[in-house]
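Source file: entry-v6.txt. Holds: compact mmCIF, C-alpha atoms (C1' of nucleotides).
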# COMPACT_ATOMS: atom_id res chain seq x y z
CA MET A 766 16.58 -15.42 10.30
CA GLU A 767 15.51 -12.63 8.02
CA GLU A 768 13.06 -10.08 9.26
CA LEU A 769 9.38 -10.79 8.96
CA GLY A 770 6.82 -8.55 7.34
CA THR A 771 3.74 -7.57 9.28
CA THR A 772 1.68 -10.04 7.29
CA ALA A 773 3.73 -12.87 8.77
CA TYR A 774 2.67 -11.79 12.26
CA VAL A 775 -0.99 -11.76 11.22
CA ILE A 776 -0.52 -15.40 10.26
CA LEU A 777 1.25 -16.27 13.51
CA GLY A 778 -1.42 -14.48 15.50
CA MET A 779 -4.24 -16.18 13.68
CA LEU A 780 -2.65 -19.59 14.18
CA ARG A 781 -2.33 -18.82 17.87
CA ARG A 782 -6.03 -18.01 17.89
CA GLY A 783 -6.79 -21.45 16.58
CA ALA A 784 -6.93 -21.01 12.81
CA ARG A 785 -5.42 -24.13 11.24
CA ASN A 786 -4.84 -23.49 7.53
CA GLY A 787 -4.55 -20.76 4.96
CA TYR A 788 -8.22 -20.73 4.20
CA GLU A 789 -9.20 -20.28 7.84
CA ILE A 790 -6.62 -17.53 8.30
CA LYS A 791 -8.04 -15.65 5.35
CA SER A 792 -11.67 -16.20 6.44
CA ARG A 793 -11.01 -14.88 9.93
CA ALA A 794 -8.93 -11.95 8.71
CA ASP A 795 -11.73 -10.99 6.32
CA VAL A 796 -14.09 -10.29 9.21
CA SER A 797 -11.55 -8.80 11.62
CA THR A 798 -8.04 -7.58 10.81
CA ARG A 799 -9.13 -6.75 7.27
CA PHE A 800 -10.27 -3.34 8.44
CA PHE A 801 -6.82 -2.30 9.63
CA TRP A 802 -4.58 -4.85 7.91
CA ALA A 803 -5.81 -6.72 4.86
CA ILE A 804 -4.09 -9.87 3.58
CA SER A 805 -4.61 -12.05 0.52
CA TYR A 806 -4.05 -15.64 -0.51
CA SER A 807 -1.09 -14.75 -2.64
CA GLN A 808 0.69 -13.67 0.53
CA ILE A 809 -0.64 -16.35 2.87
CA TYR A 810 0.35 -19.57 1.13
CA PRO A 811 3.95 -18.64 0.28
CA GLU A 812 4.35 -17.12 3.74
CA LEU A 813 3.12 -20.28 5.47
CA LYS A 814 5.86 -22.21 3.70
CA ARG A 815 8.43 -19.60 4.57
CA LEU A 816 7.44 -19.61 8.23
CA GLU A 817 7.60 -23.39 8.27
CA GLY A 818 11.06 -23.25 6.74
CA ALA A 819 12.07 -20.83 9.48
CA GLY A 820 10.78 -23.21 12.16
CA LEU A 821 8.15 -20.80 13.47
CA ILE A 822 5.24 -23.04 12.50
CA GLU A 823 4.78 -26.72 11.75
CA GLY A 824 2.49 -28.15 9.10
CA GLU A 825 1.14 -31.63 8.66
CA ALA A 826 -1.12 -33.20 6.09
CA ASP A 827 -4.72 -33.01 7.20
CA PRO A 828 -6.81 -34.21 4.25
CA ALA A 829 -10.57 -33.67 4.41
CA GLY A 830 -11.88 -36.64 2.49
CA GLY A 831 -10.24 -36.50 -0.90
CA ARG A 832 -9.31 -32.85 -0.52
CA ARG A 833 -5.77 -32.05 0.38
CA ARG A 834 -5.39 -29.79 3.38
CA GLN A 835 -2.43 -28.69 5.47
CA ALA A 836 -2.83 -28.04 9.20
CA TYR A 837 -0.36 -25.66 10.79
CA THR A 838 0.48 -24.98 14.43
CA LEU A 839 2.79 -22.53 16.16
CA THR A 840 6.09 -23.82 17.46
CA ALA A 841 7.65 -22.49 20.66
CA ALA A 842 9.92 -20.34 18.50
CA GLY A 843 6.87 -19.02 16.66
CA GLU A 844 5.13 -18.16 19.89
CA GLU A 845 8.22 -16.32 21.04
CA THR A 846 8.56 -14.42 17.77
CA LEU A 847 4.93 -13.32 17.97
CA HIS A 848 5.46 -12.14 21.53
CA GLU A 849 8.57 -10.22 20.55
CA TRP A 850 6.60 -8.39 17.86
CA LEU A 851 3.71 -7.62 20.19
CA THR A 852 6.01 -6.09 22.79
CA ARG A 853 8.39 -4.35 20.40
CA ASP A 854 8.76 -0.68 21.22
CA GLY A 855 7.77 1.81 18.54
CA ASP A 856 8.38 1.14 14.85
CA PHE A 857 4.68 1.03 14.03
CA HIS A 858 3.64 0.84 10.45
CA LEU A 859 0.91 3.41 10.03
CA GLU A 860 -0.64 4.24 6.74
CA LEU A 861 -3.86 5.70 5.45
CA ARG A 862 -5.19 5.80 1.91
CA HIS A 863 -8.34 7.84 1.75
CA GLU A 864 -9.56 8.92 -1.65
CA GLY A 865 -12.28 11.09 -0.13
CA VAL A 866 -9.86 13.26 1.82
CA LEU A 867 -7.65 13.37 -1.26
CA ARG A 868 -10.51 14.70 -3.35
CA LEU A 869 -11.31 17.19 -0.62
CA PHE A 870 -7.72 18.36 -0.77
CA PHE A 871 -8.26 19.31 -4.42
CA ALA A 872 -11.84 20.52 -3.92
CA ASP A 873 -10.98 24.13 -4.68
CA ALA A 874 -11.52 23.15 -8.32
CA LEU A 875 -15.21 22.59 -7.51
CA ASP A 876 -18.04 25.03 -6.93
CA ARG A 877 -19.77 25.19 -3.58
CA GLU A 878 -22.54 22.78 -4.47
CA GLU A 879 -20.14 20.17 -5.82
CA GLN A 880 -18.04 20.49 -2.68
CA LEU A 881 -21.09 19.77 -0.56
CA GLU A 882 -21.97 16.78 -2.70
CA LEU A 883 -18.46 15.41 -2.27
CA LEU A 884 -18.72 15.70 1.51
CA HIS A 885 -22.15 14.15 1.45
CA SER A 886 -21.12 11.12 -0.57
CA MET A 887 -18.00 10.70 1.55
CA ARG A 888 -20.12 10.73 4.68
CA ALA A 889 -22.49 8.19 3.15
CA GLU A 890 -19.53 5.92 2.46
CA HIS A 891 -18.44 6.04 6.09
CA GLU A 892 -21.97 5.44 7.25
CA ARG A 893 -22.13 2.32 5.12
CA ALA A 894 -18.82 1.20 6.59
CA ARG A 895 -20.07 1.82 10.12
CA ILE A 896 -23.23 -0.19 9.50
CA GLU A 897 -21.13 -3.05 8.16
CA LEU A 898 -19.05 -3.05 11.36
CA GLU A 899 -22.10 -2.77 13.59
CA ARG A 900 -23.53 -5.84 11.91
CA ILE A 901 -20.45 -7.82 12.92
CA GLU A 902 -20.51 -6.54 16.50
CA PRO A 903 -22.96 -9.04 18.06
CA THR A 904 -20.90 -11.95 16.70
CA ALA A 905 -17.73 -10.43 18.12
CA ARG A 906 -19.46 -9.86 21.45
CA ALA A 907 -20.63 -13.47 21.58
CA ARG A 908 -17.15 -14.70 20.82
CA PHE A 909 -15.80 -12.51 23.61
CA ASP A 910 -18.27 -14.07 26.03
CA GLU A 911 -17.07 -17.53 25.04
CA SER A 912 -13.35 -16.93 24.81
CA GLY A 913 -12.73 -14.18 27.36
CA ASP A 914 -10.48 -12.48 24.78
CA ARG A 915 -11.78 -8.93 24.69
CA PHE A 916 -9.36 -7.46 22.16
CA PRO A 917 -11.11 -8.39 18.93
CA LEU A 918 -14.29 -6.75 20.23
CA LEU A 919 -12.29 -3.82 21.47
CA THR A 920 -10.64 -3.17 18.11
CA LEU A 921 -13.99 -3.58 16.40
CA ASP A 922 -15.47 -0.90 18.63
CA MET A 923 -12.47 1.24 17.75
CA GLY A 924 -13.34 0.73 14.11
CA ILE A 925 -16.91 1.82 14.70
CA ALA A 926 -15.70 4.95 16.50
CA TYR A 927 -13.23 5.49 13.67
CA GLN A 928 -16.01 5.60 11.10
CA GLY A 929 -17.89 7.91 13.46
CA PHE A 930 -14.93 10.27 13.49
CA PHE A 931 -15.08 10.72 9.72
CA ILE A 932 -18.87 11.02 9.76
CA ASP A 933 -18.59 13.83 12.31
CA VAL A 934 -15.87 15.59 10.36
CA CYS A 935 -17.96 15.50 7.18
CA GLU A 936 -21.02 16.80 8.99
CA ARG A 937 -19.08 19.66 10.55
CA LEU A 938 -17.58 20.63 7.21
CA GLU A 939 -20.92 20.43 5.44
CA ARG A 940 -22.36 22.79 8.03
CA ARG A 941 -19.44 25.14 7.75
CA LEU A 942 -19.58 25.29 3.96
CA THR A 943 -23.28 26.04 4.15
CA GLU A 944 -22.75 29.03 6.39
CA PRO A 945 -22.61 32.45 4.64
CA GLN A 946 -18.96 33.54 4.97
CA PRO A 947 -16.68 31.24 6.95
CA ILE A 948 -13.30 32.75 7.71
CA SER A 949 -10.64 30.08 8.02
CA GLY A 950 -9.87 26.41 8.31
CA GLY A 951 -9.45 26.11 12.08
CA THR A 952 -10.25 22.88 13.93
CA MET B 1446 -8.78 5.65 -22.80
CA GLU B 1447 -8.07 3.19 -20.03
CA GLU B 1448 -9.11 4.01 -16.51
CA LEU B 1449 -6.78 6.03 -14.37
CA GLY B 1450 -5.51 5.04 -10.96
CA THR B 1451 -5.92 7.45 -8.07
CA THR B 1452 -2.26 8.36 -8.29
CA ALA B 1453 -2.87 9.80 -11.74
CA TYR B 1454 -5.40 12.20 -10.26
CA VAL B 1455 -2.91 13.31 -7.62
CA ILE B 1456 -0.61 14.25 -10.47
CA LEU B 1457 -3.35 16.07 -12.38
CA GLY B 1458 -4.39 17.89 -9.22
CA MET B 1459 -0.85 18.92 -8.38
CA LEU B 1460 -0.26 20.20 -11.90
CA ARG B 1461 -3.45 22.22 -11.63
CA ARG B 1462 -2.07 23.68 -8.39
CA GLY B 1463 0.98 24.90 -10.24
CA ALA B 1464 3.51 22.11 -9.81
CA ARG B 1465 5.46 21.85 -13.05
CA ASN B 1466 7.52 18.64 -13.00
CA GLY B 1467 7.83 15.29 -11.27
CA TYR B 1468 10.12 16.60 -8.60
CA GLU B 1469 7.77 19.41 -7.62
CA ILE B 1470 4.80 17.04 -7.57
CA LYS B 1471 6.63 14.74 -5.20
CA SER B 1472 7.88 17.60 -3.00
CA ARG B 1473 4.41 19.02 -2.57
CA ALA B 1474 2.81 15.64 -2.02
CA ASP B 1475 5.38 14.89 0.68
CA VAL B 1476 4.09 17.73 2.83
CA SER B 1477 0.41 17.39 2.03
CA THR B 1478 -1.31 14.43 0.38
CA ARG B 1479 1.32 12.07 1.75
CA PHE B 1480 -0.68 11.73 4.95
CA PHE B 1481 -3.70 10.29 3.20
CA TRP B 1482 -2.30 9.28 -0.19
CA ALA B 1483 1.42 8.72 -0.60
CA ILE B 1484 3.08 8.58 -4.01
CA SER B 1485 6.62 7.81 -5.13
CA TYR B 1486 8.90 8.65 -8.01
CA SER B 1487 8.54 5.22 -9.51
CA GLN B 1488 4.88 5.99 -10.05
CA ILE B 1489 5.19 9.64 -10.98
CA TYR B 1490 7.59 9.57 -13.92
CA PRO B 1491 6.01 6.70 -15.85
CA GLU B 1492 2.56 8.13 -15.10
CA LEU B 1493 3.53 11.57 -16.44
CA LYS B 1494 4.43 9.94 -19.73
CA ARG B 1495 1.26 7.93 -19.77
CA LEU B 1496 -0.87 11.00 -19.09
CA GLU B 1497 0.93 12.86 -21.85
CA GLY B 1498 0.29 9.99 -24.21
CA ALA B 1499 -3.38 10.15 -23.29
CA GLY B 1500 -3.47 13.88 -24.04
CA LEU B 1501 -4.35 14.91 -20.49
CA ILE B 1502 -1.12 16.82 -19.94
CA GLU B 1503 1.49 18.39 -22.16
CA GLY B 1504 5.22 18.42 -21.51
CA GLU B 1505 7.94 20.55 -22.97
CA ALA B 1506 11.68 20.66 -22.42
CA ASP B 1507 12.53 23.17 -19.71
CA PRO B 1508 16.24 22.75 -19.01
CA ALA B 1509 17.68 24.46 -15.94
CA GLY B 1510 21.18 25.29 -17.03
CA GLY B 1511 22.72 22.02 -18.09
CA ARG B 1512 20.17 19.99 -16.20
CA ARG B 1513 17.41 18.43 -18.19
CA ARG B 1514 13.94 19.20 -16.94
CA GLN B 1515 10.46 18.62 -18.33
CA ALA B 1516 7.66 21.10 -17.60
CA TYR B 1517 4.13 19.77 -17.74
CA THR B 1518 0.79 21.56 -17.89
CA LEU B 1519 -2.81 20.35 -17.85
CA THR B 1520 -4.67 20.26 -21.14
CA ALA B 1521 -8.38 21.04 -21.34
CA ALA B 1522 -9.02 17.29 -21.46
CA GLY B 1523 -6.90 16.87 -18.33
CA GLU B 1524 -8.80 19.56 -16.50
CA GLU B 1525 -12.05 17.88 -17.47
CA THR B 1526 -10.84 14.44 -16.36
CA LEU B 1527 -9.79 15.86 -13.00
CA HIS B 1528 -13.18 17.47 -12.57
CA GLU B 1529 -14.97 14.24 -13.47
CA TRP B 1530 -12.99 12.42 -10.76
CA LEU B 1531 -13.67 15.09 -8.15
CA THR B 1532 -17.42 14.98 -8.77
CA ARG B 1533 -17.74 11.23 -9.26
CA ASP B 1534 -20.34 9.75 -6.96
CA GLY B 1535 -19.22 7.09 -4.50
CA ASP B 1536 -16.54 4.57 -5.39
CA PHE B 1537 -14.10 5.87 -2.79
CA HIS B 1538 -10.94 4.02 -2.17
CA LEU B 1539 -10.58 3.76 1.58
CA GLU B 1540 -7.90 1.78 3.28
CA LEU B 1541 -6.11 1.73 6.59
CA ARG B 1542 -2.98 -0.12 7.58
CA HIS B 1543 -2.34 0.29 11.27
CA GLU B 1544 0.15 -2.02 12.90
CA GLY B 1545 -0.73 -0.70 16.36
CA VAL B 1546 -4.37 -1.66 16.12
CA LEU B 1547 -3.29 -4.98 14.64
CA ARG B 1548 -1.07 -5.68 17.63
CA LEU B 1549 -3.88 -4.66 19.92
CA PHE B 1550 -6.11 -7.16 18.16
CA PHE B 1551 -3.70 -9.91 19.23
CA ALA B 1552 -2.93 -8.39 22.64
CA ASP B 1553 -4.61 -11.21 24.55
CA ALA B 1554 -1.24 -12.96 24.29
CA LEU B 1555 0.24 -10.25 26.55
CA ASP B 1556 -0.02 -9.68 30.26
CA ARG B 1557 -1.68 -6.55 31.61
CA GLU B 1558 1.51 -4.57 31.92
CA GLU B 1559 2.62 -5.35 28.38
CA GLN B 1560 -0.81 -4.39 27.08
CA LEU B 1561 -0.49 -1.02 28.76
CA GLU B 1562 2.96 -0.53 27.31
CA LEU B 1563 1.65 -1.29 23.84
CA LEU B 1564 -1.09 1.32 24.22
CA HIS B 1565 1.38 3.79 25.60
CA SER B 1566 3.86 3.43 22.76
CA MET B 1567 1.04 3.54 20.22
CA ARG B 1568 -0.20 6.75 21.76
CA ALA B 1569 3.33 8.20 21.70
CA GLU B 1570 3.52 7.40 17.98
CA HIS B 1571 0.32 9.34 17.28
CA GLU B 1572 1.50 12.21 19.41
CA ARG B 1573 4.66 12.42 17.34
CA ALA B 1574 2.56 12.37 14.18
CA ARG B 1575 0.32 15.11 15.52
CA ILE B 1576 3.28 17.31 16.41
CA GLU B 1577 4.67 16.81 12.90
CA LEU B 1578 1.38 17.99 11.42
CA GLU B 1579 1.10 20.92 13.80
CA ARG B 1580 4.54 22.05 12.70
CA ILE B 1581 3.32 22.24 9.10
CA GLU B 1582 0.13 24.10 10.02
CA PRO B 1583 1.45 27.71 10.05
CA THR B 1584 2.89 27.21 6.56
CA ALA B 1585 -0.41 25.83 5.32
CA ARG B 1586 -2.25 28.71 6.94
CA ALA B 1587 0.02 31.25 5.28
CA ARG B 1588 -0.49 29.61 1.92
CA PHE B 1589 -4.23 29.75 2.45
CA ASP B 1590 -4.01 33.48 3.15
CA GLU B 1591 -2.13 33.97 -0.11
CA SER B 1592 -4.06 31.65 -2.38
CA GLY B 1593 -7.56 31.69 -0.90
CA ASP B 1594 -7.66 27.90 -1.34
CA ARG B 1595 -8.76 26.65 2.05
CA PHE B 1596 -8.85 22.92 1.34
CA PRO B 1597 -5.21 22.03 1.97
CA LEU B 1598 -5.44 23.68 5.38
CA LEU B 1599 -8.77 22.04 5.98
CA THR B 1600 -7.49 18.53 5.26
CA LEU B 1601 -4.42 19.25 7.39
CA ASP B 1602 -6.65 20.16 10.31
CA MET B 1603 -8.55 16.95 9.65
CA GLY B 1604 -5.26 15.10 9.92
CA ILE B 1605 -4.50 16.72 13.24
CA ALA B 1606 -7.94 15.77 14.55
CA TYR B 1607 -7.39 12.27 13.15
CA GLN B 1608 -4.25 11.83 15.23
CA GLY B 1609 -6.18 13.21 18.18
CA PHE B 1610 -8.81 10.53 17.69
CA PHE B 1611 -6.25 7.76 18.12
CA ILE B 1612 -4.60 9.52 21.04
CA ASP B 1613 -7.97 9.72 22.82
CA VAL B 1614 -8.77 6.10 22.08
CA CYS B 1615 -5.44 4.97 23.52
CA GLU B 1616 -5.91 7.08 26.62
CA ARG B 1617 -9.39 5.73 27.21
CA LEU B 1618 -8.22 2.17 26.82
CA GLU B 1619 -5.21 2.71 29.08
CA ARG B 1620 -7.57 4.01 31.75
CA ARG B 1621 -9.97 1.15 31.29
CA LEU B 1622 -7.26 -1.49 31.50
CA THR B 1623 -5.98 0.11 34.70
CA GLU B 1624 -9.36 -0.13 36.37
CA PRO B 1625 -9.91 -3.17 38.65
CA GLN B 1626 -12.44 -5.32 36.75
CA PRO B 1627 -13.83 -3.90 33.54
CA ILE B 1628 -16.75 -5.86 32.20
CA SER B 1629 -16.91 -5.62 28.43
CA GLY B 1630 -15.62 -3.90 25.34
CA GLY B 1631 -18.43 -1.42 24.76
CA THR B 1632 -17.84 1.94 23.10
C1' DT C 118 39.23 30.15 -4.57
C1' DG C 119 38.00 25.61 -3.53
C1' DC C 120 35.09 22.29 -2.28
C1' DA C 121 31.73 19.96 0.71
C1' DA C 122 26.98 19.52 1.37
C1' DG C 123 22.54 19.84 0.12
C1' DA C 124 18.79 20.92 -3.30
C1' DT C 125 17.02 19.90 -7.84
C1' DA C 126 15.66 16.45 -11.30
C1' DT C 127 14.96 11.98 -13.48
C1' DA C 128 15.14 6.99 -13.52
C1' DT C 129 14.97 2.15 -12.05
C1' DC C 130 15.08 -2.22 -9.22
C1' DG C 131 13.63 -5.60 -5.78
C1' DT C 132 10.01 -6.65 -3.05
C1' DG C 133 5.44 -6.82 -1.49
C1' DC C 134 0.47 -6.54 -2.06
C1' DT C 135 -4.17 -6.56 -4.58
C1' DG C 136 -7.62 -8.52 -7.16
C1' DA C 137 -8.74 -11.82 -10.21
C1' DT C 138 -8.72 -16.23 -11.79
C1' DA C 139 -7.95 -21.36 -11.96
C1' DT C 140 -8.64 -25.86 -10.14
C1' DA C 141 -10.63 -29.37 -7.18
C1' DT C 142 -13.48 -31.54 -3.81
C1' DG C 143 -17.27 -31.63 -0.16
C1' DG C 144 -21.80 -30.61 1.46
C1' DT C 145 -26.68 -29.17 0.92
C1' DC C 146 -31.00 -28.72 -1.22
C1' DC C 147 -34.71 -29.72 -4.31
C1' DG D 498 -28.90 -36.25 -10.26
C1' DG D 499 -27.42 -31.87 -10.60
C1' DA D 500 -27.07 -26.96 -9.23
C1' DC D 501 -24.92 -24.19 -6.06
C1' DC D 502 -22.10 -22.77 -2.54
C1' DA D 503 -18.31 -23.58 0.92
C1' DT D 504 -13.77 -25.38 1.48
C1' DA D 505 -8.88 -25.37 0.10
C1' DT D 506 -4.69 -24.27 -2.43
C1' DA D 507 -2.19 -21.86 -6.01
C1' DT D 508 -0.67 -18.33 -9.24
C1' DC D 509 -0.41 -14.14 -12.29
C1' DA D 510 -0.59 -9.36 -13.96
C1' DG D 511 -0.42 -4.95 -12.43
C1' DC D 512 0.35 -1.47 -9.10
C1' DA D 513 2.96 0.69 -5.39
C1' DC D 514 6.84 1.38 -1.97
C1' DG D 515 11.33 2.31 -0.51
C1' DA D 516 15.82 2.56 -1.66
C1' DT D 517 19.30 3.67 -4.57
C1' DA D 518 21.83 5.61 -8.67
C1' DT D 519 23.10 9.40 -11.43
C1' DA D 520 23.94 14.10 -12.57
C1' DT D 521 23.79 19.10 -12.16
C1' DC D 522 23.09 23.38 -9.74
C1' DT D 523 23.32 26.29 -5.47
C1' DT D 524 24.83 27.56 -0.91
C1' DG D 525 27.96 28.12 2.75
C1' DC D 526 32.22 28.82 4.57
C1' DA D 527 37.21 28.28 5.31

Encoded form (structure tokens):
Amino acid sequence: MEELGTTAYVILGMLRRGARNGYEIKSRADVSTRFFWAISYSQIYPELKRLEGAGLIEGEADPAGGRRRQAYTLTAAGEETLHEWLTRDGDFHLELRHEGVLRLFFADALDREEQLELLHSMRAEHERARIELERIEPTARARFDESGDRFPLLTLDMGIAYQGFFIDVCERLERRLTEPQPISGGT
Amino acid sequence: MEELGTTAYVILGMLRRGARNGYEIKSRADVSTRFFWAISYSQIYPELKRLEGAGLIEGEADPAGGRRRQAYTLTAAGEETLHEWLTRDGDFHLELRHEGVLRLFFADALDREEQLELLHSMRAEHERARIELERIEPTARARFDESGDRFPLLTLDMGIAYQGFFIDVCERLERRLTEPQPISGGT
DNA sequence: TGCAAGATATATCGTGCTGATATATGGTCC
DNA sequence: GGACCATATATCAGCACGATATATCTTGCA
């Protein structure tokens, strides 16, 4: 079998969690993995067929009234493949795209006041993001209490701390730029 | 004029910094913006032509011996466009793809020992990344001393702290998972 | 002197992903 | 009855990545 992309493992993992079709996978991902690994329909539906072809999942017709629907489940091979990925050593895919930091990188083209405004609006952005995550938190906590699976809640709390990291960095830089004559760029 | 993608602004910014052609833009980006906004040749060369067509940059033949080379410079319009982007309020593009956190999200499928190994190898990955950044730091510091532009150094230090954030998170989680009976997933 | 290896410089291809849109049906509310 | 939203699948244009191809210039060293 060819190698699988990371998106394929999101699908396997979500199926293992109890998601049954493409729509449910996407809905769940949109309130969880989206923050560190987004997926879209145009990946999900072709990938479901590919995974079925590879024998990692099985689908059967599951119409809801007159609406066609396909219900998928993990096969033993699929379960094994997911486990292999989860325990694989190293080879992490790790990527950040952050337009705020990018602008900061070029901020020498700005005057002091504009630099401060950039930091301020960047901080505001992360504060909005943190609030969004904090709104999800009670739901995640409730689901933990039901399921006993603590990892979704744990990664959510990581996300909240992650936003906090950027908020702190912005605040520190804003303070430093406000000071009379800062010397260097040390940590 | 159509809207520009963020990559276009990387190019404008790099030209403003003194990069002259596609190769130099890519070389510089690979040791700086790469860590928060990666770009590739297949974006750079078509984009240079597009930006020239839009009047934001100007290119002239600049052969090096028998090797063809095109030297670009910012126009006044390009400078202005860059400034508009840098001072634009909000609308940040912010995106993370982190396979380690994703695996952690699904880590309920693992036993305790495998979970610890996942955290350990994730932490090792971030430690490698931090060391890579720390190796660049003296160069960035020297360039700051020459140019007086502190922002590249500043964003590099942010990157180092960023890796530190994940290292700390992993350590904390490793400790918590080692403890006898942790209760919840609180921060 | 010869020549291998690496740096400089541009270009392109396959693949994957995003965001938007299209198409239906089912359920809820007034 | 009809408006509106949720459910469910599918696809397309555009952007981006990573790898590779091509060619020339420079460096090192035997």

d(atom CA of Ala1521 of chain B, atom CA of Glu1503 of chain B) in Å: 10.3 Å

Find the nearest atom pair between each residue of chain D and chain A for residues within 9 Å, count only C-alpha atoms (C1' of nucleotides), give distances in Å to one decimal, sort rows by chain and ascending number, and present the table as JSON lines.
{"residue": "D:DT504", "atom": "C1'", "partner": "A:Tyr788", "partner_atom": "CA", "distance": 7.7}
{"residue": "D:DA505", "atom": "C1'", "partner": "A:Tyr788", "partner_atom": "CA", "distance": 6.2}
{"residue": "D:DT506", "atom": "C1'", "partner": "A:Tyr810", "partner_atom": "CA", "distance": 7.8}
{"residue": "D:DA507", "atom": "C1'", "partner": "A:Tyr810", "partner_atom": "CA", "distance": 7.9}
{"residue": "D:DT508", "atom": "C1'", "partner": "A:Ser807", "partner_atom": "CA", "distance": 7.5}

Residues within 10 Å of (23.4, 13.6, -13.6), counting all atoms listed in the file, listed as a VMD selection string: (chain B and resid 1511 to 1513) or (chain C and resid 126 to 127) or (chain D and resid 518 to 521)

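With atom CA of Ala1606 of chain B on one side and atom CA of Leu1578 of chain B on the other, the separation reads 10.1 Å.
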
Spatial sel., origin (15.8, 0.9, 2.6), limit 12 Å, only C-alpha atoms (C1' of nucleotides), listed as a PyMOL selection string: (chain C and resi 131-132) or (chain D and resi 514-517)

Interface, chain C side, toward chain A (10 Å; only C-alpha atoms (C1' of nucleotides)) as a list in words: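 Filtering chain C at 10 Å from chain A with only C-alpha atoms (C1' of nucleotides) gives DG133, DC134, DT135, DG136, DA141, DT142 and DG143 of chain C.
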
Check: which chain B residues lie within 7 Å of chain A using only C-alpha atoms, as a ChimeraX atom specification: /B:1458,1478,1480-1482,1531-1532,1534-1535,1537-1553,1559,1563,1566,1594-1600,1602,1630-1632

Since we have the selection now, will you write its residues out, keeping C-alpha atoms, as a PDB file, in the frame of the given file?
ATOM      1  CA  GLY B1458      -4.390  17.890  -9.220  1.00  0.00           C
ATOM      2  CA  THR B1478      -1.310  14.430   0.380  1.00  0.00           C
ATOM      3  CA  PHE B1480      -0.680  11.730   4.950  1.00  0.00           C
ATOM      4  CA  PHE B1481      -3.700  10.290   3.200  1.00  0.00           C
ATOM      5  CA  TRP B1482      -2.300   9.280  -0.190  1.00  0.00           C
ATOM      6  CA  LEU B1531     -13.670  15.090  -8.150  1.00  0.00           C
ATOM      7  CA  THR B1532     -17.420  14.980  -8.770  1.00  0.00           C
ATOM      8  CA  ASP B1534     -20.340   9.750  -6.960  1.00  0.00           C
ATOM      9  CA  GLY B1535     -19.220   7.090  -4.500  1.00  0.00           C
ATOM     10  CA  PHE B1537     -14.100   5.870  -2.790  1.00  0.00           C
ATOM     11  CA  HIS B1538     -10.940   4.020  -2.170  1.00  0.00           C
ATOM     12  CA  LEU B1539     -10.580   3.760   1.580  1.00  0.00           C
ATOM     13  CA  GLU B1540      -7.900   1.780   3.280  1.00  0.00           C
ATOM     14  CA  LEU B1541      -6.110   1.730   6.590  1.00  0.00           C
ATOM     15  CA  ARG B1542      -2.980  -0.120   7.580  1.00  0.00           C
ATOM     16  CA  HIS B1543      -2.340   0.290  11.270  1.00  0.00           C
ATOM     17  CA  GLU B1544       0.150  -2.020  12.900  1.00  0.00           C
ATOM     18  CA  GLY B1545      -0.730  -0.700  16.360  1.00  0.00           C
ATOM     19  CA  VAL B1546      -4.370  -1.660  16.120  1.00  0.00           C
ATOM     20  CA  LEU B1547      -3.290  -4.980  14.640  1.00  0.00           C
ATOM     21  CA  ARG B1548      -1.070  -5.680  17.630  1.00  0.00           C
ATOM     22  CA  LEU B1549      -3.880  -4.660  19.920  1.00  0.00           C
ATOM     23  CA  PHE B1550      -6.110  -7.160  18.160  1.00  0.00           C
ATOM     24  CA  PHE B1551      -3.700  -9.910  19.230  1.00  0.00           C
ATOM     25  CA  ALA B1552      -2.930  -8.390  22.640  1.00  0.00           C
ATOM     26  CA  ASP B1553      -4.610 -11.210  24.550  1.00  0.00           C
ATOM     27  CA  GLU B1559       2.620  -5.350  28.380  1.00  0.00           C
ATOM     28  CA  LEU B1563       1.650  -1.290  23.840  1.00  0.00           C
ATOM     29  CA  SER B1566       3.860   3.430  22.760  1.00  0.00           C
ATOM     30  CA  ASP B1594      -7.660  27.900  -1.340  1.00  0.00           C
ATOM     31  CA  ARG B1595      -8.760  26.650   2.050  1.00  0.00           C
ATOM     32  CA  PHE B1596      -8.850  22.920   1.340  1.00  0.00           C
ATOM     33  CA  PRO B1597      -5.210  22.030   1.970  1.00  0.00           C
ATOM     34  CA  LEU B1598      -5.440  23.680   5.380  1.00  0.00           C
ATOM     35  CA  LEU B1599      -8.770  22.040   5.980  1.00  0.00           C
ATOM     36  CA  THR B1600      -7.490  18.530   5.260  1.00  0.00           C
ATOM     37  CA  ASP B1602      -6.650  20.160  10.310  1.00  0.00           C
ATOM     38  CA  GLY B1630     -15.620  -3.900  25.340  1.00  0.00           C
ATOM     39  CA  GLY B1631     -18.430  -1.420  24.760  1.00  0.00           C
ATOM     40  CA  THR B1632     -17.840   1.940  23.100  1.00  0.00           C
TER      41      THR B1632
END

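Every protein, DNA or RNA residue with an atom at most 12 Å from Leu1501 of chain B, where only C-alpha atoms (C1' of nucleotides) count and chain neighbours fewer than 5 positions away do not, is listed here: Met1446, Leu1449, Ala1453, Tyr1454, Ile1456, Leu1457, Gly1458, Leu1460, Arg1461, Glu1492, Leu1493, Lys1494, Arg1495, Leu1496, Tyr1517, Thr1518, Leu1519, Thr1520, Ala1521, Ala1522, Gly1523, Glu1524, Glu1525, Thr1526 and Leu1527 of chain B.
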
Two-atom distance - atom CA of Ala794 of chain A, atom CA of Ile809 of chain A (Å):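 Taking atom CA of Ala794 of chain A and atom CA of Ile809 of chain A, their separation equals 11.1 Å.
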
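Within the 10 Å cut-off around Leu942 of chain A, using only C-alpha atoms (C1' of nucleotides) and omitting residues fewer than 5 positions from it on the same chain, the listed residues are Arg877, Glu878, Gln880, Leu881, Leu884, Glu936, Arg937 and Pro947 of chain A.
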